[in-house]
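Student: Before we start, here is the structure in question, set down as structure tokens.
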Amino acid sequence: MMYEVVIPAAGQGKRMKAGMNKQLIELRNEPLIVRTLKVFENDEWCRGIIVVINEAERTQFEQLFSRFHIKKITAVVGGGKERQHSVYNGLRAVKNSDIVLIHDGARPFVTIEQIHELVNEAKEHGAAIPAVRVKDTVKKVCDQFVEETVERSGLWAVQTPQAFHVSLVLRAHEQAQKDGYIGTDDASLVERIGGKVKIVEGDYRNIKLTTPDDLLFAEVILSNWVSS
Ligand code: CTP
Ligand code: MG
């Protein structure tokens with residue numbers, strides 16, 4: 001089952017405090033974005049990669065793509081103010097697939113096995129996303145005091161790649177754009193137009209590198225990595 005993937009990498013990485021876009025941080029001599037791209041480069045189901053970048057960093061990114069021999073890139077498009085705008089720009093560059101995946105450039109530890117499961121479920125249900133059960137107790141807090149303890153049993157923390165029928169996710173993004181609605185993930189845009197979203201059991205190691213601590217976790221994950 002073939003698919004295309006949109007990889008948003010146009011953020012600033014402010015919380016990482018690296019003084020540059022975190023996509024360019026090297027983990028064992030390979031930039032984060034390259035590690036993420038290589039997963040899809042090596043997946044035979046992937047027929048095209050659309051990378052969304054900040055135009056000011058275009059040359060830097062394009063040099064990396066050629067230096068690390070990433071050959072499946074079909075488009076490098078400019079990003080927008082919010083992640084959602086960047087993804088929308090990327091989605092409009094999808095050419096010839098029924099299924100599209102949307103995957104954070106900052107999540108290098110996704111596996112091909114997980115990708116295939118998501119593609120299959122999205123094919124059947126329209127939308128499929130990976131998620132892990134929340135392990136901590138979650139409380140709603142206001143002004144540093146607890147307002148409420150949220151029932152944990154139904155809570156899942158969601159990740160990417162999120163997989164969709166192209167027509168469904170495009171319609172969801174167009175509607176959000178029209179309504180001036182910004183969601184925190186792509187699936188939420190599908191949910192608000194009434195689409196069903198299938199949950200696939202994710203992996204706690206599929207972290208998004210967000211804060212400096214995550215570089216430590218990434219090192220631990222890498223040192224235990226057994227490639228499939
Ligand atoms: N992203 C994007 N365009 C934006 C904002 C984010 O393409 N306008 C991308 C990021 O590059 C990242 C992914 O969306 O791969 C997830 O976003 P996040 O982890 O928040 O990254 P940043 O926005 O770069 O980090 P921060 O919020 O700390 O500035
Ligand atoms: Mg951000």
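As shown in the structure tokens, the chain order sets the letters A, B, ...; within each chain, residues go from 1, and ligands are also counted from 1 in the order they appear.
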Give me, as a Markdown table, each residue of region 170-221 of chain A that comes within 10 Å of region 138-159 of chain A, together with its shortest interatomic pair and the distance in Å at one decimal, counting only C-alpha atoms, with rows ordered by chain and rising residue number.
Tutor:
| residue | atom | partner | partner_atom | distance |
| --- | --- | --- | --- | --- |
| A:Asp185 | CA | A:Val158 | CA | 8.7 |
| A:Ala187 | CA | A:Val158 | CA | 9.6 |
| A:Ile199 | CA | A:Val158 | CA | 8.8 |
| A:Val200 | CA | A:Val158 | CA | 9.6 |
| A:Glu201 | CA | A:Val158 | CA | 9.6 |
| A:Gly202 | CA | A:Gln159 | CA | 7.6 |
| A:Asp203 | CA | A:Gln159 | CA | 9.0 |
| A:Tyr204 | CA | A:Gln159 | CA | 9.4 |
| A:Asn206 | CA | A:Gln159 | CA | 7.6 |
| A:Ile207 | CA | A:Gln159 | CA | 7.9 |
| A:Lys208 | CA | A:Gln159 | CA | 8.1 |
Student: Could the residues in this selection be written to a file with N, CA and C atoms, as a tab-separated table (two decimals), in the first residue's frame?
Tutor:
chain	number	residue	atom	x	y	z
A	185	ASP	N	-3.34	19.03	16.68
A	185	ASP	CA	-2.82	18.01	15.77
A	185	ASP	C	-3.74	17.93	14.55
A	187	ALA	N	-5.34	15.27	13.32
A	187	ALA	CA	-6.53	14.45	13.54
A	187	ALA	C	-7.67	15.29	14.12
A	199	ILE	N	-7.41	4.70	16.65
A	199	ILE	CA	-6.20	4.74	17.47
A	199	ILE	C	-5.41	3.43	17.27
A	200	VAL	N	-4.12	3.59	17.03
A	200	VAL	CA	-3.21	2.45	16.91
A	200	VAL	C	-2.23	2.54	18.09
A	201	GLU	N	-1.99	1.40	18.74
A	201	GLU	CA	-1.08	1.41	19.90
A	201	GLU	C	0.30	1.91	19.46
A	202	GLY	N	0.76	3.00	20.07
A	202	GLY	CA	2.05	3.59	19.71
A	202	GLY	C	3.17	3.02	20.56
A	203	ASP	N	4.32	3.68	20.52
A	203	ASP	CA	5.51	3.23	21.23
A	203	ASP	C	6.04	4.43	22.03
A	204	TYR	N	6.30	4.21	23.32
A	204	TYR	CA	6.77	5.31	24.16
A	204	TYR	C	8.11	5.88	23.68
A	206	ASN	N	8.79	6.63	20.63
A	206	ASN	CA	8.58	7.51	19.47
A	206	ASN	C	8.41	8.95	19.96
A	207	ILE	N	9.45	9.48	20.63
A	207	ILE	CA	9.35	10.80	21.25
A	207	ILE	C	9.54	11.91	20.21
A	208	LYS	N	8.96	13.06	20.52
A	208	LYS	CA	9.26	14.27	19.76
A	208	LYS	C	10.33	15.02	20.53
Student: Taking only C-alpha atoms and all ligand atoms into account, which residues have an atom no farther than 6 Å from ligand 1? I'd like them as a PyMOL selection string.
Tutor: chain A and resi 8-16+52+79-83+86+104-106+210
Student: Convert the current residue selection to file output with C-alpha atoms, as a PDB file, in the first residue's frame.
Tutor:
ATOM      1  CA  PRO A   8       6.812  19.629   8.783  1.00  0.00           C
ATOM      2  CA  ALA A   9      10.266  20.942   9.740  1.00  0.00           C
ATOM      3  CA  ALA A  10       9.655  24.686   9.549  1.00  0.00           C
ATOM      4  CA  GLY A  11       9.478  25.434  13.267  1.00  0.00           C
ATOM      5  CA  GLN A  12      11.991  27.416  15.279  1.00  0.00           C
ATOM      6  CA  GLY A  13      12.626  24.906  18.040  1.00  0.00           C
ATOM      7  CA  LYS A  14      12.371  27.582  20.712  1.00  0.00           C
ATOM      8  CA  ARG A  15      11.884  25.168  23.616  1.00  0.00           C
ATOM      9  CA  MET A  16      15.021  23.259  22.665  1.00  0.00           C
ATOM     10  CA  VAL A  52       8.126  21.692   4.757  1.00  0.00           C
ATOM     11  CA  GLY A  79       6.157  26.673   5.892  1.00  0.00           C
ATOM     12  CA  GLY A  80       3.738  28.970   7.674  1.00  0.00           C
ATOM     13  CA  LYS A  81       3.317  30.677  11.038  1.00  0.00           C
ATOM     14  CA  GLU A  82       1.826  27.685  12.880  1.00  0.00           C
ATOM     15  CA  ARG A  83       2.530  23.994  12.343  1.00  0.00           C
ATOM     16  CA  SER A  86       3.021  24.373   7.354  1.00  0.00           C
ATOM     17  CA  ASP A 104       6.949  15.652  12.718  1.00  0.00           C
ATOM     18  CA  GLY A 105      10.501  16.217  11.518  1.00  0.00           C
ATOM     19  CA  ALA A 106      11.476  16.062  15.195  1.00  0.00           C
ATOM     20  CA  THR A 210      11.141  19.154  22.250  1.00  0.00           C
TER      21      THR A 210
END
Student: Find, counting only C-alpha atoms and all ligand atoms, the residue in A:Thr74, A:Asn21, A:Ser66, A:Asn42 that gets nearest to ligand 2.
Tutor: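 The answer is A:Asn21, which sits nearest to ligand 2.
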Student: Would you please extract all helix (DSSP H, G or I) residues from region 116-179 of chain A, as assigned by DSSP on the backbone, and give them as a PyMOL selection string?
Tutor: chain A and resi 116-125+166-179
Student: Name the residues in contact with Gly183 (chain A) at a cut-off of 8 Å, using only C-alpha atoms, excluding same-chain residues fewer than 5 positions from it; report them as number ranges by chain.
Tutor: A: 84, 188-189
Student: For a quick check of understanding, using only C-alpha atoms and all ligand atoms, which of A:Asp43, A:Val77, A:Ala93, A:His85 has the smallest distance to ligand 2?
Tutor: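 Smallest distance to ligand 2 is found for A:His85.
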Student: Based on DSSP run over this structure's backbone, return all residues of region 90-120 of chain A in strand (DSSP E or B), as a PyMOL selection string.
Tutor: chain A and resi 99-102
Student: May I have the residues within 12 Å of Asn224 (chain A) as a list in words, using only C-alpha atoms and disregarding those fewer than 6 positions away in the same chain?
Tutor: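 Once the nearby chain positions are removed, what remains is Phe109, Arg205, Phe217 and Ala218 of chain A.
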Student: Near Asn120 (chain A), within 12 Å and counting only C-alpha atoms, which residues show up once chain neighbours fewer than 5 positions away are dropped, as an MDAnalysis selection string?
Tutor: chainID A and resid 1:3 45 98:101 113:115 125:129 162:165 198 200
Student: Convert the current residue selection to file output with N, CA, C and O atoms, as a PDB file, in the first residue's frame.
Tutor:
ATOM      1  N   MET A   1       0.849  -1.208   0.000  1.00  0.00           N
ATOM      2  CA  MET A   1       0.000   0.000   0.000  1.00  0.00           C
ATOM      3  C   MET A   1       0.881   1.254   0.000  1.00  0.00           C
ATOM      4  O   MET A   1       1.558   1.543   0.979  1.00  0.00           O
ATOM      5  N   MET A   2       0.868   1.969  -1.099  1.00  0.00           N
ATOM      6  CA  MET A   2       1.781   3.107  -1.224  1.00  0.00           C
ATOM      7  C   MET A   2       1.180   4.382  -0.610  1.00  0.00           C
ATOM      8  O   MET A   2      -0.033   4.543  -0.556  1.00  0.00           O
ATOM      9  N   TYR A   3       2.071   5.248  -0.139  1.00  0.00           N
ATOM     10  CA  TYR A   3       1.631   6.522   0.464  1.00  0.00           C
ATOM     11  C   TYR A   3       2.673   7.602   0.202  1.00  0.00           C
ATOM     12  O   TYR A   3       3.809   7.298  -0.190  1.00  0.00           O
ATOM     13  N   TRP A  45       7.083   1.229   0.972  1.00  0.00           N
ATOM     14  CA  TRP A  45       5.710   1.712   0.741  1.00  0.00           C
ATOM     15  C   TRP A  45       5.675   3.220   0.454  1.00  0.00           C
ATOM     16  O   TRP A  45       4.674   3.736  -0.035  1.00  0.00           O
ATOM     17  N   ASP A  98      -3.534   7.975  -2.479  1.00  0.00           N
ATOM     18  CA  ASP A  98      -4.801   8.042  -1.753  1.00  0.00           C
ATOM     19  C   ASP A  98      -4.549   8.279  -0.278  1.00  0.00           C
ATOM     20  O   ASP A  98      -5.370   8.822   0.436  1.00  0.00           O
ATOM     21  N   ILE A  99      -3.374   7.818   0.172  1.00  0.00           N
ATOM     22  CA  ILE A  99      -3.049   7.909   1.593  1.00  0.00           C
ATOM     23  C   ILE A  99      -1.872   8.858   1.795  1.00  0.00           C
ATOM     24  O   ILE A  99      -0.866   8.789   1.079  1.00  0.00           O
ATOM     25  N   VAL A 100      -2.022   9.749   2.794  1.00  0.00           N
ATOM     26  CA  VAL A 100      -0.909  10.626   3.161  1.00  0.00           C
ATOM     27  C   VAL A 100      -0.639  10.474   4.656  1.00  0.00           C
ATOM     28  O   VAL A 100      -1.561  10.292   5.457  1.00  0.00           O
ATOM     29  N   LEU A 101       0.646  10.503   5.006  1.00  0.00           N
ATOM     30  CA  LEU A 101       1.050  10.534   6.405  1.00  0.00           C
ATOM     31  C   LEU A 101       1.575  11.927   6.711  1.00  0.00           C
ATOM     32  O   LEU A 101       2.170  12.563   5.832  1.00  0.00           O
ATOM     33  N   GLU A 113       7.401  -0.690  10.828  1.00  0.00           N
ATOM     34  CA  GLU A 113       6.287  -1.545  11.267  1.00  0.00           C
ATOM     35  C   GLU A 113       5.082  -0.691  11.712  1.00  0.00           C
ATOM     36  O   GLU A 113       3.937  -0.937  11.316  1.00  0.00           O
ATOM     37  N   GLN A 114       5.375   0.325  12.510  1.00  0.00           N
ATOM     38  CA  GLN A 114       4.314   1.224  12.982  1.00  0.00           C
ATOM     39  C   GLN A 114       3.671   1.963  11.805  1.00  0.00           C
ATOM     40  O   GLN A 114       2.443   2.117  11.733  1.00  0.00           O
ATOM     41  N   ILE A 115       4.500   2.414  10.879  1.00  0.00           N
ATOM     42  CA  ILE A 115       3.997   3.134   9.700  1.00  0.00           C
ATOM     43  C   ILE A 115       3.017   2.257   8.920  1.00  0.00           C
ATOM     44  O   ILE A 115       1.923   2.690   8.563  1.00  0.00           O
ATOM     45  N   HIS A 125     -10.252   2.986   7.657  1.00  0.00           N
ATOM     46  CA  HIS A 125     -11.123   3.851   8.467  1.00  0.00           C
ATOM     47  C   HIS A 125     -11.090   5.330   8.076  1.00  0.00           C
ATOM     48  O   HIS A 125     -11.842   6.119   8.638  1.00  0.00           O
ATOM     49  N   GLY A 126     -10.182   5.728   7.207  1.00  0.00           N
ATOM     50  CA  GLY A 126     -10.106   7.140   6.816  1.00  0.00           C
ATOM     51  C   GLY A 126      -9.025   7.913   7.540  1.00  0.00           C
ATOM     52  O   GLY A 126      -8.368   8.771   6.966  1.00  0.00           O
ATOM     53  N   ALA A 127      -8.826   7.577   8.825  1.00  0.00           N
ATOM     54  CA  ALA A 127      -7.800   8.260   9.617  1.00  0.00           C
ATOM     55  C   ALA A 127      -7.303   7.317  10.706  1.00  0.00           C
ATOM     56  O   ALA A 127      -8.094   6.611  11.324  1.00  0.00           O
ATOM     57  N   ALA A 128      -5.984   7.307  10.933  1.00  0.00           N
ATOM     58  CA  ALA A 128      -5.417   6.474  11.998  1.00  0.00           C
ATOM     59  C   ALA A 128      -4.224   7.189  12.608  1.00  0.00           C
ATOM     60  O   ALA A 128      -3.403   7.759  11.886  1.00  0.00           O
ATOM     61  N   ILE A 129      -4.158   7.169  13.934  1.00  0.00           N
ATOM     62  CA  ILE A 129      -3.063   7.869  14.625  1.00  0.00           C
ATOM     63  C   ILE A 129      -2.474   6.981  15.722  1.00  0.00           C
ATOM     64  O   ILE A 129      -3.187   6.195  16.350  1.00  0.00           O
ATOM     65  N   GLN A 162       0.489  10.632  11.633  1.00  0.00           N
ATOM     66  CA  GLN A 162      -0.947  10.512  11.544  1.00  0.00           C
ATOM     67  C   GLN A 162      -1.271  10.247  10.081  1.00  0.00           C
ATOM     68  O   GLN A 162      -0.750  10.920   9.198  1.00  0.00           O
ATOM     69  N   ALA A 163      -2.101   9.246   9.831  1.00  0.00           N
ATOM     70  CA  ALA A 163      -2.339   8.768   8.467  1.00  0.00           C
ATOM     71  C   ALA A 163      -3.790   9.030   8.064  1.00  0.00           C
ATOM     72  O   ALA A 163      -4.710   8.822   8.874  1.00  0.00           O
ATOM     73  N   PHE A 164      -3.981   9.465   6.820  1.00  0.00           N
ATOM     74  CA  PHE A 164      -5.322   9.861   6.369  1.00  0.00           C
ATOM     75  C   PHE A 164      -5.539   9.530   4.899  1.00  0.00           C
ATOM     76  O   PHE A 164      -4.582   9.494   4.107  1.00  0.00           O
ATOM     77  N   HIS A 165      -6.829   9.407   4.533  1.00  0.00           N
ATOM     78  CA  HIS A 165      -7.187   9.537   3.130  1.00  0.00           C
ATOM     79  C   HIS A 165      -6.887  10.984   2.755  1.00  0.00           C
ATOM     80  O   HIS A 165      -7.267  11.908   3.484  1.00  0.00           O
ATOM     81  N   LYS A 198      -9.094   6.324  13.995  1.00  0.00           N
ATOM     82  CA  LYS A 198      -8.731   5.055  14.643  1.00  0.00           C
ATOM     83  C   LYS A 198      -7.427   5.225  15.422  1.00  0.00           C
ATOM     84  O   LYS A 198      -6.453   5.790  14.904  1.00  0.00           O
ATOM     85  N   VAL A 200      -4.119   3.589  17.031  1.00  0.00           N
ATOM     86  CA  VAL A 200      -3.213   2.452  16.911  1.00  0.00           C
ATOM     87  C   VAL A 200      -2.235   2.541  18.086  1.00  0.00           C
ATOM     88  O   VAL A 200      -1.753   3.631  18.411  1.00  0.00           O
TER      89      VAL A 200
END
Student: Residues at most 8 Å from His173 (chain A), counting only C-alpha atoms, excluding those fewer than 3 positions away in the same chain, as an mmCIF file with N, CA and C atoms, in the first residue's frame?
Tutor:
data_model
loop_
_atom_site.group_PDB
_atom_site.id
_atom_site.type_symbol
_atom_site.label_atom_id
_atom_site.label_comp_id
_atom_site.auth_asym_id
_atom_site.auth_seq_id
_atom_site.Cartn_x
_atom_site.Cartn_y
_atom_site.Cartn_z
ATOM 1 N N TYR A 88 -0.565 22.284 5.958
ATOM 2 C CA TYR A 88 -1.494 22.570 4.863
ATOM 3 C C TYR A 88 -0.723 22.846 3.568
ATOM 4 N N VAL A 169 -8.318 14.595 4.765
ATOM 5 C CA VAL A 169 -7.485 15.519 5.555
ATOM 6 C C VAL A 169 -7.386 16.879 4.860
ATOM 7 N N LEU A 170 -7.466 16.889 3.545
ATOM 8 C CA LEU A 170 -7.465 18.170 2.826
ATOM 9 C C LEU A 170 -8.739 18.947 3.143
ATOM 10 N N ALA A 176 -10.853 24.111 8.493
ATOM 11 C CA ALA A 176 -10.207 24.786 9.627
ATOM 12 C C ALA A 176 -9.707 26.169 9.205
ATOM 13 N N GLN A 177 -9.108 26.211 8.021
ATOM 14 C CA GLN A 177 -8.584 27.462 7.468
ATOM 15 C C GLN A 177 -9.720 28.486 7.348
ATOM 16 N N ASP A 186 -3.340 17.161 13.557
ATOM 17 C CA ASP A 186 -4.116 17.104 12.321
ATOM 18 C C ASP A 186 -5.402 16.315 12.500
ATOM 19 N N LEU A 189 -8.543 18.158 13.412
ATOM 20 C CA LEU A 189 -9.242 18.872 12.339
ATOM 21 C C LEU A 189 -10.223 17.939 11.644
ATOM 22 N N VAL A 190 -9.836 16.659 11.539
ATOM 23 C CA VAL A 190 -10.718 15.654 10.953
ATOM 24 C C VAL A 190 -11.895 15.397 11.909
#
Student: Select, from A:Pro31, A:Pro161, A:Gly194, A:Gly48, the residue with the minimum atom-to-atom distance to Asn96 (chain A), counting only C-alpha atoms.
Tutor: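 Looking only at the distances to Asn96 (chain A), the closest residue turns out to be A:Gly48.
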Student: Excluding Lys17 (chain A) and residues on its chain fewer than 5 positions from it, collect all residues at most 12 Å away from it, counting only C-alpha atoms, and give them as a list in words.
Tutor: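 Once the nearby chain positions are removed, what remains is Gln12, Lys22, Ile25, Leu209, Thr210, Thr211, Pro212, Asp213, Asp214 and Leu215 of chain A.
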Student: Determine the nearest neighbour of ligand 2 from the options A:Val6, A:Val197, A:Gly180, A:Gln23, counting only C-alpha atoms and all ligand atoms.
Tutor: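 Distance minimum relative to ligand 2 lands on A:Gln23.
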Student: Which residue gives the smallest distance to Glu62 (chain A) among A:Val34, A:Ile221, A:Lys178, A:Arg47, with only C-alpha atoms counted?
Tutor: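 Using only C-alpha atoms, the shortest distance to Glu62 (chain A) belongs to A:Val34.
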Student: Please, what distance in Å, to one decimal, runs between CA of Val226 (chain A) and CA of Val132 (chain A)?
Tutor: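 Computed distance, CA of Val226 (chain A) to CA of Val132 (chain A), equals 20.7 Å.
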Student: How far is it from CA of Lys123 (chain A) to CA of Thr160 (chain A), in Å with one decimal?
Tutor: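 Taking CA of Lys123 (chain A) and CA of Thr160 (chain A), their separation equals 16.5 Å.
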